[in-house]
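Asker: One structure, as structure tokens, below. Some questions next.
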Amino acid sequence: MEFDKEVDATGLNCPLPILRCKKGLSELSAAQVLKVISTDPGSVKDFNAFCVQTGHELLQLDEDDTSFTFYIKKRAS
Amino acid sequence: MAKKLALIASKGTLDWAYPPFILASTAAALDYEVEIFFTFYGLTLLKKDLSDLKVSPLGNPAMPMPVPMPNFVQMLPGMETMATMMMKQKIADKGVASIEDLRNACLESGVKFIACQMTVDLFDFKATDFIEGIEFGGAATYFQFAGESDVNLFI
């Protein structure tokens, strides 16, 4: 999947992946896509909750044995 | 309109320093407007130097210990320092943020810190003990924000 910026949050625990994601999004324009890699199992639920509450769109979640990769499209306003 | 979170931070140990800063920084990331009112031992969390935050196993039977440890052992000199070192090591090993990092994240995202003026006077703290950019106020100041907040927690 194509993306405009990547944030590596591997090894970090709650709430750092969300804080890094927020920071990454703030450096993008509307409709650009941020890729975030996390190893925190709690981040799956948290990233969903983050997107539901902020209006950014979770386009895709890839999972392997050790990590979770989120693709998040920045909201319009 | 942005949602609002009001927190009261009343505890000043290393473990209890986490909830207010985690919740405040996360709420700010969720576009909440956030204020934390620091009172009593919570004022410690506004000091420039956070390196002397400690955690005590004494009187805390729920704290996981490597070996079972009765209270009379926990009260020996140096036990609190040892427990604090162990906790800091765990925090680093597990990729948990330091209190400094979380506090900075709060400040960078515009979380407002209010120090309880009465407790500052009570404990003879000086304004110069604290980080820059905080405000001083009392209970009425707290209610001005808390009264119109969506979430309100005492920690």
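Here's how to read the names in the structure tokens: chain A, B, ... by the order shown, residue numbers from 1 in each chain, ligand numbers from 1 in the order shown.
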Quick one: contact table of chain A to chain B, 8 Å max, nearest atom pair and distance in Å to one decimal per residue, counting only C-alpha atoms, chain and number order, as CSV?
Answerer:
```
residue,atom,partner,partner_atom,distance
A:Gly11,CA,B:Gly95,CA,5.5
A:Leu12,CA,B:Gly95,CA,4.5
A:Asn13,CA,B:Val96,CA,5.0
A:Cys14,CA,B:Val96,CA,6.9
A:Pro15,CA,B:Ile22,CA,6.4
A:Leu16,CA,B:Ala97,CA,6.9
A:Ile18,CA,B:Thr26,CA,7.3
A:Leu19,CA,B:Ala29,CA,6.3
A:Lys22,CA,B:Ala29,CA,5.9
A:Phe50,CA,B:Leu30,CA,6.6
A:Gln53,CA,B:Leu30,CA,6.7
A:Thr54,CA,B:Leu30,CA,5.9
```
Asker: Quick one: everything within 7 Å of region 38-44 of chain B, counting only C-alpha atoms, minus sequence neighbours fewer than 3 positions away in the same chain. Send it as a VMD selection string.
Answerer: chain B and resid 8 to 12 47 114 to 116 119
Asker: Just write the chosen residues, N, CA and C atoms, as a PDB file, in the first residue's frame.
Answerer:
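Generated file (again23.pdb):
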```
ATOM      1  N   ILE B   8      -7.539  15.943  38.279  1.00  0.00           N
ATOM      2  CA  ILE B   8      -6.872  16.383  39.498  1.00  0.00           C
ATOM      3  C   ILE B   8      -5.771  15.375  39.772  1.00  0.00           C
ATOM      4  N   ALA B   9      -4.526  15.831  39.845  1.00  0.00           N
ATOM      5  CA  ALA B   9      -3.394  14.959  40.155  1.00  0.00           C
ATOM      6  C   ALA B   9      -2.983  15.227  41.591  1.00  0.00           C
ATOM      7  N   SER B  10      -3.208  14.238  42.469  1.00  0.00           N
ATOM      8  CA  SER B  10      -2.975  14.475  43.891  1.00  0.00           C
ATOM      9  C   SER B  10      -1.857  13.603  44.472  1.00  0.00           C
ATOM     10  N   LYS B  11      -1.240  12.770  43.626  1.00  0.00           N
ATOM     11  CA  LYS B  11      -0.220  11.853  44.160  1.00  0.00           C
ATOM     12  C   LYS B  11       1.135  12.110  43.510  1.00  0.00           C
ATOM     13  N   GLY B  12       2.194  11.887  44.268  1.00  0.00           N
ATOM     14  CA  GLY B  12       3.516  12.266  43.782  1.00  0.00           C
ATOM     15  C   GLY B  12       4.533  11.145  43.786  1.00  0.00           C
ATOM     16  N   LYS B  47       7.705  19.739  39.361  1.00  0.00           N
ATOM     17  CA  LYS B  47       9.056  20.211  39.649  1.00  0.00           C
ATOM     18  C   LYS B  47       9.959  20.043  38.436  1.00  0.00           C
ATOM     19  N   ILE B 114      -2.190  23.522  36.129  1.00  0.00           N
ATOM     20  CA  ILE B 114      -2.486  24.488  37.190  1.00  0.00           C
ATOM     21  C   ILE B 114      -1.939  23.942  38.516  1.00  0.00           C
ATOM     22  N   ALA B 115      -1.139  24.733  39.202  1.00  0.00           N
ATOM     23  CA  ALA B 115      -0.635  24.341  40.522  1.00  0.00           C
ATOM     24  C   ALA B 115      -1.537  24.937  41.591  1.00  0.00           C
ATOM     25  N   CYS B 116      -1.923  24.111  42.555  1.00  0.00           N
ATOM     26  CA  CYS B 116      -2.777  24.565  43.651  1.00  0.00           C
ATOM     27  C   CYS B 116      -1.995  25.531  44.549  1.00  0.00           C
ATOM     28  N   THR B 119      -1.603  24.653  48.343  1.00  0.00           N
ATOM     29  CA  THR B 119      -0.620  23.624  48.692  1.00  0.00           C
ATOM     30  C   THR B 119       0.802  24.121  48.490  1.00  0.00           C
TER      31      THR B 119
END
```
Asker: Among chain B, which residues does DSSP mark as helix (DSSP H, G or I) when it is run on the backbone? Keep the chain and numbering as in the structure and answer as a PyMOL selection string.
Answerer: chain B and resi 18-29+40-46+71-74+79-93+99-108+117-122+127-129+139-146
Asker: Please run DSSP on the backbone and report, as a ChimeraX atom specification, all residues within region 14-54 of chain A that come out as strand (DSSP E or B).
Answerer: /A:33-38
Asker: Leaving out Lys35 (chain A) and any residue of its chain fewer than 2 positions from it, which residues lie within 7 Å of it when counting only C-alpha atoms, given as a list in words?
Answerer: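 Residues near the query, excluding close chain neighbours: Phe3, Lys5, Glu6, Val7, Val33, Ile37, Thr69, Phe70, Tyr71 and Ile72 of chain A.
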Asker: Contacts of Asp49 (chain B) at 10 Å or less, counting only C-alpha atoms, minus same-chain residues fewer than 2 places along, as a ChimeraX atom specification?
Answerer: /B:44-47,51-53,100,129-131
Asker: Kindly indicate which residue among A:Ser38, A:His56, A:Ala9, A:Thr66 lies nearest to Ser26 (chain A), using only C-alpha atoms for the distances.
Answerer: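 Residue with the minimum atom-to-atom distance to Ser26 (chain A): A:His56.
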Asker: Please list as a ChimeraX atom specification every residue within 12 Å of Gly147 (chain B), counting only C-alpha atoms and excluding residues in the same chain fewer than 5 positions away.
Answerer: /B:4-7,35,139-142,152
Asker: For each of A:Val36, A:Val52, A:Leu61, A:Leu28, take the minimum atom-to-atom distance to Asp4 (chain A), counting only C-alpha atoms, then give the residue where this is smallest.
Answerer: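 Checking each candidate against Asp4 (chain A), we get A:Leu28 as the closest.
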Asker: Take CA of Glu33 (chain B) and CA of Lys3 (chain B) and report the distance between them in Å, one decimal.
Answerer: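 Between these atoms lies a distance of 6.2 Å.
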Asker: Work out how far CA of Glu57 (chain A) is from CA of Ala2 (chain B), in Å to one decimal.
Answerer: 18.9 Å
Asker: Would you mind telling me which residue in A:Asp8, A:Lys74, A:Thr39, A:Asp65 lies nearest to Leu25 (chain A) when using only C-alpha atoms?
Answerer: A:Lys74
